[in-house]
Every structure is written in C-alpha cells, then in structure tokens.
Amino acid sequence: MRRALIAANWKMFLNRESGTQLAMALAKKTADVEDRDILICPAAPLLSDVSAAIQGSRIQLGGQNMYFEKEGAFTGEVSADMLLSVGCTHVLLGHSERRHVFGEDDTLINKKVLFALESGLKPVLCVGELLEEREAGNTEKVVHRQVVKGLENVDALAQITIAYEPVWAIGTGKTATPEDAETVQAYIRKTVADIYSTDIADNLRILYGGSVKPDNIGGLMAKGNVDGALVGGASLKADSFYDIIRFT
Ligand code: 13P
C-alpha cells in the first residue's frame, strides 16, 4: 500500500515570522498524525527557521527549486548541499511556475532531478498540461513527454514522487474532478510501468495538485491513483492545511 503524502508549496508567500509561526502551529497540530507523511516547502530564506520550528515533529522539509551544479558562480540559485544543510529531505522540481513563468524545459528539469538524487534529496517531479493543451486533446502526450524526459537516466525511482498539477487548475479555484485526476494519474502510472516495471510503478506515489481544499480532498483521495496532494493556497493557513492532512 502506498502511504499518503500531503505536501505544502508555500510559493513566494509568507516571511520569516509568519512562516515560522505557521510551521510551529502545524508541528503542534500534527503531533498525532501517524498514518501519512507531511511535507512543507517554504521559500529558501525561510528554510532555516522553519526547519528549527518543525524539529522533533513528523513534518518533513523541502525546497521549492534547486540548481544542478554542486556550487559556483550562479547568482540567485540554491544548491542541493544548501538545502540538505538546513534539513531538507525533498525538493520540488519542474513546478508549472518554473516551467511557464521562468521558462524551464524538460532537459533542465531532468538535470536537476538527476543532481538532486545524486545529492541525496528526494525530487517531487511536477508535471501537468496547459488549458490549451487539454482542449486540443494533448493532455496525455504532454504529460508523457514531461514524465519520460524528466526521468531520463533515473534508476532510483523509489526516491521519486510525481505531482500531477494541471496548469489550468493551479490557483484558479478550478479543481480537476476526481475522475480527471484519476484518468491522468493512472496514465502516468502506466507510463512509469512501461519504462520501469509494474512493481516500481505500483510503489510510486503520485500526488494531485491544483486548487486542493478541505472540501475536495476527500473525493480526490478516494481515487486509486491519487496518493496525496500538493497544496498551494490552502496550505498557507494552519487550519485549512490541517483539514486537508486529516481528510478522513
Ligand atoms: P493551488 O493549491 O494554490 O492551486 O496551487 C497548487 C500548486 O501549484 C501546488 O504546487
């Protein structure tokens, strides 16, 4: 059985003080949550303080992005070693905002995935189609390309999580229906089974992201191929994120 993972992507929200407060509140609220994993991904300048705030709790920490070089003259970038040194276990890679606002392509994202794995971080590889791609009937084609290229030369699939985030559902209040999510996520699992094996695909966690809220998480999680959620807006308040974590 795949264990549920509920992850928060704080994006470019909160600051040192409000982020630390939220992290402390979540650490306290989730003390009794033992049957699922919880991950929070604050912006880089908040990581150190958030890490201290969740010390001893069940919450895991992730970066929102990372560069694929060990170190060097890469102004503005964050390295795997920096993330590890503040207590991160995970890193989001290929988020739709990285792809579509900052122009990251599958080749760059693949380099990051490989370097994260080599460094001991667990990548959460984000994939998902644009509205026009969905309307043109290209959802599977796009997601297939993002999965295949994102995972090129990856053999340690046990360290990988995939997050399916249809771009048209992110921050728009338009959640994919549980059926939409299930269809694409089953397809992602089949894609992984074709490249690796059914066994490996069966153990892979696939999250859904895009306007997840306390009132729609139950329907999504009821689907066989939805193993958790990657939550943006609703993860910025302790109560709503806790209600999502405690979907049943
Ligand atoms: P929202 O939950 O705000 O739609 O964001 C989803 C997301 O992009 C998580 O990575």
# chains A, B, ... in the order shown; residues from 1 in each chain; ligands from 1
>>> closest_atom_pairs(of="range 27-134 of chain A", to="range 206-224 of chain A", cutoff="12 Å", atoms="only C-alpha atoms", output="CSV")
residue,atom,partner,partner_atom,distance
A:His95,CA,A:Gly209,CA,10.4
A:Ser96,CA,A:Gly210,CA,10.6
A:Val124,CA,A:Leu207,CA,9.2
A:Leu125,CA,A:Ile206,CA,9.5
A:Cys126,CA,A:Gly209,CA,9.0
A:Val127,CA,A:Gly209,CA,9.8
A:Gly128,CA,A:Gly209,CA,9.4
A:Glu129,CA,A:Gly210,CA,11.6
>>> write_last_selection(atoms="all heavy atoms", output="PDB file, in the first residue's frame")
ATOM      1  N   HIS A  95       8.078  22.533 -11.226  1.00  0.00           N
ATOM      2  CA  HIS A  95       6.748  23.090 -10.944  1.00  0.00           C
ATOM      3  C   HIS A  95       6.279  23.919 -12.132  1.00  0.00           C
ATOM      4  O   HIS A  95       7.089  24.536 -12.824  1.00  0.00           O
ATOM      5  CB  HIS A  95       6.796  23.952  -9.673  1.00  0.00           C
ATOM      6  CG  HIS A  95       5.429  24.365  -9.239  1.00  0.00           C
ATOM      7  ND1 HIS A  95       4.792  25.465  -9.764  1.00  0.00           N
ATOM      8  CD2 HIS A  95       4.556  23.783  -8.381  1.00  0.00           C
ATOM      9  CE1 HIS A  95       3.582  25.549  -9.217  1.00  0.00           C
ATOM     10  NE2 HIS A  95       3.416  24.541  -8.382  1.00  0.00           N
ATOM     11  N   SER A  96       4.984  23.958 -12.347  1.00  0.00           N
ATOM     12  CA  SER A  96       4.469  24.651 -13.541  1.00  0.00           C
ATOM     13  C   SER A  96       4.896  26.114 -13.575  1.00  0.00           C
ATOM     14  O   SER A  96       5.102  26.683 -14.636  1.00  0.00           O
ATOM     15  CB  SER A  96       2.954  24.512 -13.634  1.00  0.00           C
ATOM     16  OG  SER A  96       2.331  25.545 -12.932  1.00  0.00           O
ATOM     17  N   VAL A 124      10.396  15.865  -6.047  1.00  0.00           N
ATOM     18  CA  VAL A 124       8.960  15.787  -6.356  1.00  0.00           C
ATOM     19  C   VAL A 124       8.832  16.395  -7.748  1.00  0.00           C
ATOM     20  O   VAL A 124       8.897  17.618  -7.910  1.00  0.00           O
ATOM     21  CB  VAL A 124       8.113  16.580  -5.336  1.00  0.00           C
ATOM     22  CG1 VAL A 124       6.623  16.497  -5.701  1.00  0.00           C
ATOM     23  CG2 VAL A 124       8.350  16.059  -3.910  1.00  0.00           C
ATOM     24  N   LEU A 125       8.749  15.531  -8.749  1.00  0.00           N
ATOM     25  CA  LEU A 125       8.715  15.991 -10.141  1.00  0.00           C
ATOM     26  C   LEU A 125       7.288  16.394 -10.502  1.00  0.00           C
ATOM     27  O   LEU A 125       6.367  15.576 -10.448  1.00  0.00           O
ATOM     28  CB  LEU A 125       9.198  14.869 -11.073  1.00  0.00           C
ATOM     29  CG  LEU A 125       9.054  15.143 -12.576  1.00  0.00           C
ATOM     30  CD1 LEU A 125       9.930  16.308 -13.032  1.00  0.00           C
ATOM     31  CD2 LEU A 125       9.376  13.881 -13.381  1.00  0.00           C
ATOM     32  N   CYS A 126       7.118  17.686 -10.847  1.00  0.00           N
ATOM     33  CA  CYS A 126       5.776  18.193 -11.148  1.00  0.00           C
ATOM     34  C   CYS A 126       5.545  18.199 -12.656  1.00  0.00           C
ATOM     35  O   CYS A 126       6.417  18.620 -13.422  1.00  0.00           O
ATOM     36  CB  CYS A 126       5.611  19.615 -10.621  1.00  0.00           C
ATOM     37  SG  CYS A 126       5.984  19.780  -8.862  1.00  0.00           S
ATOM     38  N   VAL A 127       4.384  17.714 -13.053  1.00  0.00           N
ATOM     39  CA  VAL A 127       4.007  17.680 -14.463  1.00  0.00           C
ATOM     40  C   VAL A 127       2.571  18.163 -14.584  1.00  0.00           C
ATOM     41  O   VAL A 127       1.832  18.187 -13.609  1.00  0.00           O
ATOM     42  CB  VAL A 127       4.132  16.249 -15.053  1.00  0.00           C
ATOM     43  CG1 VAL A 127       5.559  15.725 -14.922  1.00  0.00           C
ATOM     44  CG2 VAL A 127       3.158  15.277 -14.385  1.00  0.00           C
ATOM     45  N   GLY A 128       2.183  18.543 -15.798  1.00  0.00           N
ATOM     46  CA  GLY A 128       0.791  18.957 -15.998  1.00  0.00           C
ATOM     47  C   GLY A 128       0.635  19.773 -17.255  1.00  0.00           C
ATOM     48  O   GLY A 128       1.571  20.442 -17.686  1.00  0.00           O
ATOM     49  N   GLU A 129      -0.551  19.681 -17.836  1.00  0.00           N
ATOM     50  CA  GLU A 129      -0.798  20.328 -19.124  1.00  0.00           C
ATOM     51  C   GLU A 129      -1.432  21.712 -18.967  1.00  0.00           C
ATOM     52  O   GLU A 129      -2.110  21.989 -17.987  1.00  0.00           O
ATOM     53  CB  GLU A 129      -1.711  19.431 -19.985  1.00  0.00           C
ATOM     54  CG  GLU A 129      -3.200  19.499 -19.671  1.00  0.00           C
ATOM     55  CD  GLU A 129      -3.607  18.814 -18.372  1.00  0.00           C
ATOM     56  OE1 GLU A 129      -2.735  18.288 -17.656  1.00  0.00           O
ATOM     57  OE2 GLU A 129      -4.826  18.830 -18.056  1.00  0.00           O
TER      58      GLU A 129
END
>>> residues_near_ligand(ligand="ligand 1", cutoff="7 Å", atoms="only C-alpha atoms and all ligand atoms", output="PDB file with all heavy atoms, in the first residue's frame")
ATOM      1  N   ASN A   9       3.111  23.675  -0.746  1.00  0.00           N
ATOM      2  CA  ASN A   9       4.009  24.543  -1.506  1.00  0.00           C
ATOM      3  C   ASN A   9       3.639  25.976  -1.157  1.00  0.00           C
ATOM      4  O   ASN A   9       2.611  26.473  -1.593  1.00  0.00           O
ATOM      5  CB  ASN A   9       3.825  24.269  -3.011  1.00  0.00           C
ATOM      6  CG  ASN A   9       4.646  25.221  -3.862  1.00  0.00           C
ATOM      7  OD1 ASN A   9       5.444  26.018  -3.342  1.00  0.00           O
ATOM      8  ND2 ASN A   9       4.448  25.163  -5.171  1.00  0.00           N
ATOM      9  N   HIS A  95       8.078  22.533 -11.226  1.00  0.00           N
ATOM     10  CA  HIS A  95       6.748  23.090 -10.944  1.00  0.00           C
ATOM     11  C   HIS A  95       6.279  23.919 -12.132  1.00  0.00           C
ATOM     12  O   HIS A  95       7.089  24.536 -12.824  1.00  0.00           O
ATOM     13  CB  HIS A  95       6.796  23.952  -9.673  1.00  0.00           C
ATOM     14  CG  HIS A  95       5.429  24.365  -9.239  1.00  0.00           C
ATOM     15  ND1 HIS A  95       4.792  25.465  -9.764  1.00  0.00           N
ATOM     16  CD2 HIS A  95       4.556  23.783  -8.381  1.00  0.00           C
ATOM     17  CE1 HIS A  95       3.582  25.549  -9.217  1.00  0.00           C
ATOM     18  NE2 HIS A  95       3.416  24.541  -8.382  1.00  0.00           N
ATOM     19  N   GLU A 165      -0.123  18.277 -11.725  1.00  0.00           N
ATOM     20  CA  GLU A 165      -0.760  19.562 -11.467  1.00  0.00           C
ATOM     21  C   GLU A 165      -1.188  20.180 -12.797  1.00  0.00           C
ATOM     22  O   GLU A 165      -0.377  20.838 -13.467  1.00  0.00           O
ATOM     23  CB  GLU A 165       0.209  20.508 -10.755  1.00  0.00           C
ATOM     24  CG  GLU A 165       0.708  19.985  -9.428  1.00  0.00           C
ATOM     25  CD  GLU A 165       1.197  21.117  -8.532  1.00  0.00           C
ATOM     26  OE1 GLU A 165       2.132  21.833  -8.925  1.00  0.00           O
ATOM     27  OE2 GLU A 165       0.618  21.298  -7.461  1.00  0.00           O
ATOM     28  N   ALA A 169      -5.680  24.378 -13.328  1.00  0.00           N
ATOM     29  CA  ALA A 169      -6.321  24.189 -12.017  1.00  0.00           C
ATOM     30  C   ALA A 169      -5.524  24.855 -10.898  1.00  0.00           C
ATOM     31  O   ALA A 169      -5.957  24.873  -9.755  1.00  0.00           O
ATOM     32  CB  ALA A 169      -6.475  22.700 -11.729  1.00  0.00           C
ATOM     33  N   ILE A 170      -4.353  25.407 -11.230  1.00  0.00           N
ATOM     34  CA  ILE A 170      -3.483  25.960 -10.185  1.00  0.00           C
ATOM     35  C   ILE A 170      -3.883  27.393  -9.864  1.00  0.00           C
ATOM     36  O   ILE A 170      -3.855  28.257 -10.740  1.00  0.00           O
ATOM     37  CB  ILE A 170      -2.001  25.897 -10.613  1.00  0.00           C
ATOM     38  CG1 ILE A 170      -1.572  24.440 -10.772  1.00  0.00           C
ATOM     39  CG2 ILE A 170      -1.121  26.617  -9.611  1.00  0.00           C
ATOM     40  CD1 ILE A 170      -0.127  24.264 -11.216  1.00  0.00           C
ATOM     41  N   GLY A 171      -4.292  27.618  -8.629  1.00  0.00           N
ATOM     42  CA  GLY A 171      -4.606  28.964  -8.167  1.00  0.00           C
ATOM     43  C   GLY A 171      -5.844  29.559  -8.812  1.00  0.00           C
ATOM     44  O   GLY A 171      -6.096  30.758  -8.700  1.00  0.00           O
ATOM     45  N   THR A 172      -6.625  28.734  -9.495  1.00  0.00           N
ATOM     46  CA  THR A 172      -7.782  29.257 -10.224  1.00  0.00           C
ATOM     47  C   THR A 172      -9.097  28.923  -9.534  1.00  0.00           C
ATOM     48  O   THR A 172     -10.145  29.439  -9.917  1.00  0.00           O
ATOM     49  CB  THR A 172      -7.849  28.615 -11.629  1.00  0.00           C
ATOM     50  OG1 THR A 172      -7.912  27.187 -11.470  1.00  0.00           O
ATOM     51  CG2 THR A 172      -6.630  28.977 -12.459  1.00  0.00           C
ATOM     52  N   GLY A 173      -9.046  28.049  -8.538  1.00  0.00           N
ATOM     53  CA  GLY A 173     -10.282  27.585  -7.914  1.00  0.00           C
ATOM     54  C   GLY A 173     -10.942  26.484  -8.730  1.00  0.00           C
ATOM     55  O   GLY A 173     -11.939  25.902  -8.322  1.00  0.00           O
ATOM     56  N   GLY A 209      -2.254  18.095  -7.584  1.00  0.00           N
ATOM     57  CA  GLY A 209      -2.191  19.485  -7.127  1.00  0.00           C
ATOM     58  C   GLY A 209      -2.995  20.387  -8.041  1.00  0.00           C
ATOM     59  O   GLY A 209      -3.044  20.165  -9.261  1.00  0.00           O
ATOM     60  N   GLY A 210      -3.601  21.412  -7.479  1.00  0.00           N
ATOM     61  CA  GLY A 210      -4.409  22.366  -8.252  1.00  0.00           C
ATOM     62  C   GLY A 210      -5.703  22.633  -7.517  1.00  0.00           C
ATOM     63  O   GLY A 210      -6.639  21.857  -7.602  1.00  0.00           O
ATOM     64  N   SER A 211      -5.701  23.741  -6.746  1.00  0.00           N
ATOM     65  CA  SER A 211      -6.905  24.154  -6.004  1.00  0.00           C
ATOM     66  C   SER A 211      -7.444  23.070  -5.076  1.00  0.00           C
ATOM     67  O   SER A 211      -8.658  22.902  -4.942  1.00  0.00           O
ATOM     68  CB  SER A 211      -7.996  24.648  -6.971  1.00  0.00           C
ATOM     69  OG  SER A 211      -7.542  25.777  -7.690  1.00  0.00           O
ATOM     70  N   VAL A 212      -6.529  22.341  -4.431  1.00  0.00           N
ATOM     71  CA  VAL A 212      -6.963  21.374  -3.414  1.00  0.00           C
ATOM     72  C   VAL A 212      -7.407  22.153  -2.174  1.00  0.00           C
ATOM     73  O   VAL A 212      -6.728  23.080  -1.725  1.00  0.00           O
ATOM     74  CB  VAL A 212      -5.824  20.394  -3.047  1.00  0.00           C
ATOM     75  CG1 VAL A 212      -6.222  19.520  -1.865  1.00  0.00           C
ATOM     76  CG2 VAL A 212      -5.459  19.530  -4.251  1.00  0.00           C
ATOM     77  N   LEU A 230      -0.495  18.081  -3.457  1.00  0.00           N
ATOM     78  CA  LEU A 230       0.464  19.185  -3.368  1.00  0.00           C
ATOM     79  C   LEU A 230      -0.388  20.452  -3.344  1.00  0.00           C
ATOM     80  O   LEU A 230      -1.073  20.762  -4.315  1.00  0.00           O
ATOM     81  CB  LEU A 230       1.426  19.156  -4.570  1.00  0.00           C
ATOM     82  CG  LEU A 230       2.492  20.253  -4.631  1.00  0.00           C
ATOM     83  CD1 LEU A 230       3.311  20.333  -3.340  1.00  0.00           C
ATOM     84  CD2 LEU A 230       3.445  20.014  -5.814  1.00  0.00           C
ATOM     85  N   VAL A 231      -0.348  21.129  -2.212  1.00  0.00           N
ATOM     86  CA  VAL A 231      -1.324  22.178  -1.927  1.00  0.00           C
ATOM     87  C   VAL A 231      -0.650  23.548  -1.910  1.00  0.00           C
ATOM     88  O   VAL A 231       0.355  23.729  -1.220  1.00  0.00           O
ATOM     89  CB  VAL A 231      -1.978  21.921  -0.544  1.00  0.00           C
ATOM     90  CG1 VAL A 231      -3.121  22.898  -0.309  1.00  0.00           C
ATOM     91  CG2 VAL A 231      -2.445  20.479  -0.418  1.00  0.00           C
ATOM     92  N   GLY A 232      -1.200  24.495  -2.658  1.00  0.00           N
ATOM     93  CA  GLY A 232      -0.676  25.858  -2.650  1.00  0.00           C
ATOM     94  C   GLY A 232      -1.452  26.717  -1.657  1.00  0.00           C
ATOM     95  O   GLY A 232      -1.222  26.650  -0.443  1.00  0.00           O
ATOM     96  N   GLY A 233      -2.396  27.486  -2.174  1.00  0.00           N
ATOM     97  CA  GLY A 233      -3.132  28.470  -1.371  1.00  0.00           C
ATOM     98  C   GLY A 233      -3.639  27.959  -0.028  1.00  0.00           C
ATOM     99  O   GLY A 233      -3.461  28.616   1.007  1.00  0.00           O
ATOM    100  N   ALA A 234      -4.258  26.787  -0.045  1.00  0.00           N
ATOM    101  CA  ALA A 234      -4.871  26.279   1.196  1.00  0.00           C
ATOM    102  C   ALA A 234      -3.842  25.748   2.192  1.00  0.00           C
ATOM    103  O   ALA A 234      -4.201  25.313   3.287  1.00  0.00           O
ATOM    104  CB  ALA A 234      -5.901  25.195   0.865  1.00  0.00           C
TER     105      ALA A 234
END
>>> select_by_dssp(residues="range 31-239 of chain A", states="alpha helix (DSSP H)", output="number ranges by chain")
A: 47-53, 80-85, 96-100, 106-119, 131-135, 139-150, 178-195, 198-203, 217-221, 238-239
>>> closest_atom_pairs(of="range 48-123 of chain A", to="range 144-147 of chain A", cutoff="12 Å", atoms="only C-alpha atoms", output="Markdown table")
| residue | atom | partner | partner_atom | distance |
| --- | --- | --- | --- | --- |
| A:Leu93 | CA | A:Gln146 | CA | 11.6 |
| A:Gly94 | CA | A:Gln146 | CA | 9.0 |
| A:His95 | CA | A:Gln146 | CA | 11.2 |
| A:Ser96 | CA | A:Gln146 | CA | 11.1 |
| A:Arg99 | CA | A:Gln146 | CA | 10.7 |
| A:Glu104 | CA | A:Gln146 | CA | 11.6 |
| A:Asp105 | CA | A:Gln146 | CA | 9.0 |
| A:Asp106 | CA | A:Gln146 | CA | 6.3 |
| A:Thr107 | CA | A:Gln146 | CA | 9.5 |
| A:Leu108 | CA | A:Gln146 | CA | 11.4 |
| A:Ile109 | CA | A:Gln146 | CA | 9.2 |
| A:Asn110 | CA | A:Gln146 | CA | 9.3 |
| A:Val113 | CA | A:Val147 | CA | 11.4 |
>>> write_last_selection(atoms="all heavy atoms", output="tab-separated table (two decimals), in the first residue's frame")
chain	number	residue	atom	x	y	z
A	93	LEU	N	10.62	19.96	-8.16
A	93	LEU	CA	11.32	20.26	-9.41
A	93	LEU	C	10.33	20.27	-10.57
A	93	LEU	O	9.40	19.44	-10.61
A	93	LEU	CB	12.43	19.23	-9.66
A	93	LEU	CG	13.59	19.28	-8.65
A	93	LEU	CD1	14.57	18.12	-8.87
A	93	LEU	CD2	14.34	20.62	-8.71
A	94	GLY	N	10.50	21.23	-11.46
A	94	GLY	CA	9.63	21.31	-12.63
A	94	GLY	C	8.23	21.79	-12.32
A	94	GLY	O	7.29	21.52	-13.07
A	95	HIS	N	8.08	22.53	-11.23
A	95	HIS	CA	6.75	23.09	-10.94
A	95	HIS	C	6.28	23.92	-12.13
A	95	HIS	O	7.09	24.54	-12.82
A	95	HIS	CB	6.80	23.95	-9.67
A	95	HIS	CG	5.43	24.37	-9.24
A	95	HIS	ND1	4.79	25.47	-9.76
A	95	HIS	CD2	4.56	23.78	-8.38
A	95	HIS	CE1	3.58	25.55	-9.22
A	95	HIS	NE2	3.42	24.54	-8.38
A	96	SER	N	4.98	23.96	-12.35
A	96	SER	CA	4.47	24.65	-13.54
A	96	SER	C	4.90	26.11	-13.57
A	96	SER	O	5.10	26.68	-14.64
A	96	SER	CB	2.95	24.51	-13.63
A	96	SER	OG	2.33	25.54	-12.93
A	99	ARG	N	8.26	26.11	-15.01
A	99	ARG	CA	8.22	25.84	-16.45
A	99	ARG	C	7.68	27.05	-17.22
A	99	ARG	O	8.26	27.46	-18.22
A	99	ARG	CB	7.29	24.65	-16.74
A	99	ARG	CG	7.81	23.30	-16.24
A	99	ARG	CD	6.76	22.21	-16.54
A	99	ARG	NE	7.06	20.96	-15.88
A	99	ARG	CZ	7.73	19.94	-16.44
A	99	ARG	NH1	8.16	20.03	-17.67
A	99	ARG	NH2	7.95	18.83	-15.77
A	104	GLU	N	11.66	27.02	-17.67
A	104	GLU	CA	12.43	25.78	-17.52
A	104	GLU	C	11.88	24.70	-18.47
A	104	GLU	O	10.67	24.53	-18.58
A	104	GLU	CB	12.36	25.29	-16.06
A	104	GLU	CG	13.06	26.23	-15.11
A	104	GLU	CD	13.30	25.62	-13.73
A	104	GLU	OE1	13.09	24.42	-13.54
A	104	GLU	OE2	13.72	26.38	-12.84
A	105	ASP	N	12.78	24.00	-19.12
A	105	ASP	CA	12.32	22.94	-20.03
A	105	ASP	C	12.66	21.55	-19.45
A	105	ASP	O	13.32	21.43	-18.43
A	105	ASP	CB	12.88	23.12	-21.44
A	105	ASP	CG	14.40	23.00	-21.48
A	105	ASP	OD1	15.01	22.57	-20.49
A	105	ASP	OD2	14.97	23.36	-22.53
A	106	ASP	N	12.20	20.53	-20.16
A	106	ASP	CA	12.35	19.16	-19.66
A	106	ASP	C	13.82	18.77	-19.47
A	106	ASP	O	14.15	18.01	-18.57
A	106	ASP	CB	11.67	18.16	-20.62
A	106	ASP	CG	10.16	18.31	-20.60
A	106	ASP	OD1	9.57	18.36	-19.52
A	106	ASP	OD2	9.56	18.38	-21.69
A	107	THR	N	14.68	19.27	-20.34
A	107	THR	CA	16.10	18.92	-20.26
A	107	THR	C	16.72	19.48	-18.98
A	107	THR	O	17.44	18.78	-18.26
A	107	THR	CB	16.86	19.48	-21.50
A	107	THR	OG1	16.16	19.02	-22.65
A	107	THR	CG2	18.30	19.05	-21.53
A	108	LEU	N	16.41	20.76	-18.70
A	108	LEU	CA	16.93	21.39	-17.47
A	108	LEU	C	16.37	20.67	-16.24
A	108	LEU	O	17.10	20.36	-15.29
A	108	LEU	CB	16.53	22.87	-17.45
A	108	LEU	CG	16.88	23.64	-16.17
A	108	LEU	CD1	18.39	23.70	-15.96
A	108	LEU	CD2	16.31	25.06	-16.22
A	109	ILE	N	15.07	20.38	-16.28
A	109	ILE	CA	14.43	19.75	-15.13
A	109	ILE	C	15.04	18.36	-14.89
A	109	ILE	O	15.30	17.97	-13.75
A	109	ILE	CB	12.90	19.69	-15.35
A	109	ILE	CG1	12.34	21.12	-15.34
A	109	ILE	CG2	12.21	18.83	-14.28
A	109	ILE	CD1	10.98	21.27	-15.98
A	110	ASN	N	15.31	17.64	-15.97
A	110	ASN	CA	15.94	16.32	-15.84
A	110	ASN	C	17.32	16.41	-15.18
A	110	ASN	O	17.68	15.59	-14.33
A	110	ASN	CB	16.03	15.66	-17.22
A	110	ASN	CG	16.77	14.33	-17.18
A	110	ASN	OD1	17.85	14.19	-17.73
A	110	ASN	ND2	16.22	13.35	-16.49
A	113	VAL	N	16.72	16.83	-11.55
A	113	VAL	CA	16.26	15.57	-10.94
A	113	VAL	C	17.46	14.67	-10.67
A	113	VAL	O	17.63	14.12	-9.57
A	113	VAL	CB	15.22	14.86	-11.85
A	113	VAL	CG1	14.95	13.44	-11.37
A	113	VAL	CG2	13.91	15.65	-11.91
>>> select_by_dssp(residues="range 49-79 of chain A", states="strand (DSSP E or B)", output="PyMOL selection string")
chain A and resi 59-63
>>> closest_atom_pairs(of="range 37-140 of chain A", to="range 27-32 of chain A", cutoff="8 Å", atoms="only C-alpha atoms", output="Markdown table")
| residue | atom | partner | partner_atom | distance |
| --- | --- | --- | --- | --- |
| A:Ala53 | CA | A:Ala27 | CA | 7.6 |
| A:Ile54 | CA | A:Ala27 | CA | 5.6 |
| A:Ser57 | CA | A:Ala27 | CA | 5.6 |
| A:Arg58 | CA | A:Ala31 | CA | 6.7 |
| A:Ile59 | CA | A:Ala27 | CA | 6.7 |
>>> closest_atom_pairs(of="range 99-213 of chain A", to="range 67-77 of chain A", cutoff="7 Å", atoms="only C-alpha atoms", output="JSON lines")
{"residue": "A:Lys111", "atom": "CA", "partner": "A:Phe68", "partner_atom": "CA", "distance": 6.0}
{"residue": "A:Lys112", "atom": "CA", "partner": "A:Phe68", "partner_atom": "CA", "distance": 4.7}
{"residue": "A:Phe115", "atom": "CA", "partner": "A:Phe68", "partner_atom": "CA", "distance": 5.4}
>>> write_last_selection(atoms="C-alpha atoms", output="tab-separated table (two decimals), in the first residue's frame")
chain	number	residue	atom	x	y	z
A	111	LYS	CA	19.42	17.61	-14.93
A	112	LYS	CA	18.01	18.88	-11.65
A	115	PHE	CA	21.57	16.00	-9.42
>>> atom_distance(atom1="CA of Leu151 in chain A", atom2="CA of Leu204 in chain A")
12.8 Å
>>> atom_distance(atom1="CA of Ala193 in chain A", atom2="CA of Ile38 in chain A")
26.0 Å
>>> closest_residue(among="A:Ala7, A:Met1, A:Leu131, A:Val101", to="Thr161 in chain A", atoms="only C-alpha atoms")
A:Ala7
>>> decode(residues="range 27-44 of chain A", atoms="N, CA and C atoms", output="compact mmCIF listing (two decimals), in the first residue's frame")
# COMPACT_ATOMS: atom_id res chain seq x y z
N ALA A 27 3.28 21.92 13.40
CA ALA A 27 4.01 20.89 14.15
C ALA A 27 3.17 20.43 15.35
N LYS A 28 2.54 21.39 15.99
CA LYS A 28 1.73 21.08 17.17
C LYS A 28 0.47 20.30 16.78
N LYS A 29 -0.22 20.80 15.75
CA LYS A 29 -1.48 20.18 15.34
C LYS A 29 -1.31 18.76 14.82
N THR A 30 -0.14 18.49 14.20
CA THR A 30 0.00 17.20 13.52
C THR A 30 0.72 16.15 14.38
N ALA A 31 0.92 16.47 15.64
CA ALA A 31 1.69 15.57 16.51
C ALA A 31 1.10 14.15 16.53
N ASP A 32 -0.21 14.05 16.34
CA ASP A 32 -0.83 12.71 16.42
C ASP A 32 -1.09 12.08 15.05
N VAL A 33 -0.61 12.72 13.99
CA VAL A 33 -0.87 12.17 12.64
C VAL A 33 0.23 11.17 12.30
N GLU A 34 -0.10 9.90 12.36
CA GLU A 34 0.95 8.90 12.18
C GLU A 34 0.83 8.09 10.91
N ASP A 35 -0.31 8.18 10.26
CA ASP A 35 -0.55 7.26 9.14
C ASP A 35 -0.34 7.89 7.78
N ARG A 36 0.22 9.08 7.75
CA ARG A 36 0.51 9.70 6.45
C ARG A 36 1.71 10.62 6.59
N ASP A 37 2.34 10.94 5.48
CA ASP A 37 3.51 11.81 5.51
C ASP A 37 3.10 13.25 5.22
N ILE A 38 3.83 14.16 5.83
CA ILE A 38 3.55 15.59 5.66
C ILE A 38 4.85 16.28 5.27
N LEU A 39 4.75 17.12 4.25
CA LEU A 39 5.94 17.82 3.75
C LEU A 39 5.59 19.29 3.58
N ILE A 40 6.47 20.20 4.01
CA ILE A 40 6.23 21.61 3.69
C ILE A 40 7.43 22.18 2.93
N CYS A 41 7.12 22.99 1.93
CA CYS A 41 8.15 23.56 1.06
C CYS A 41 8.06 25.08 1.08
N PRO A 42 8.78 25.71 2.02
CA PRO A 42 8.81 27.17 2.12
C PRO A 42 9.83 27.75 1.13
N ALA A 43 9.76 29.04 0.91
CA ALA A 43 10.76 29.73 0.10
C ALA A 43 12.13 29.63 0.80
N ALA A 44 13.20 29.69 0.01
CA ALA A 44 14.54 29.42 0.53
C ALA A 44 14.94 30.22 1.78
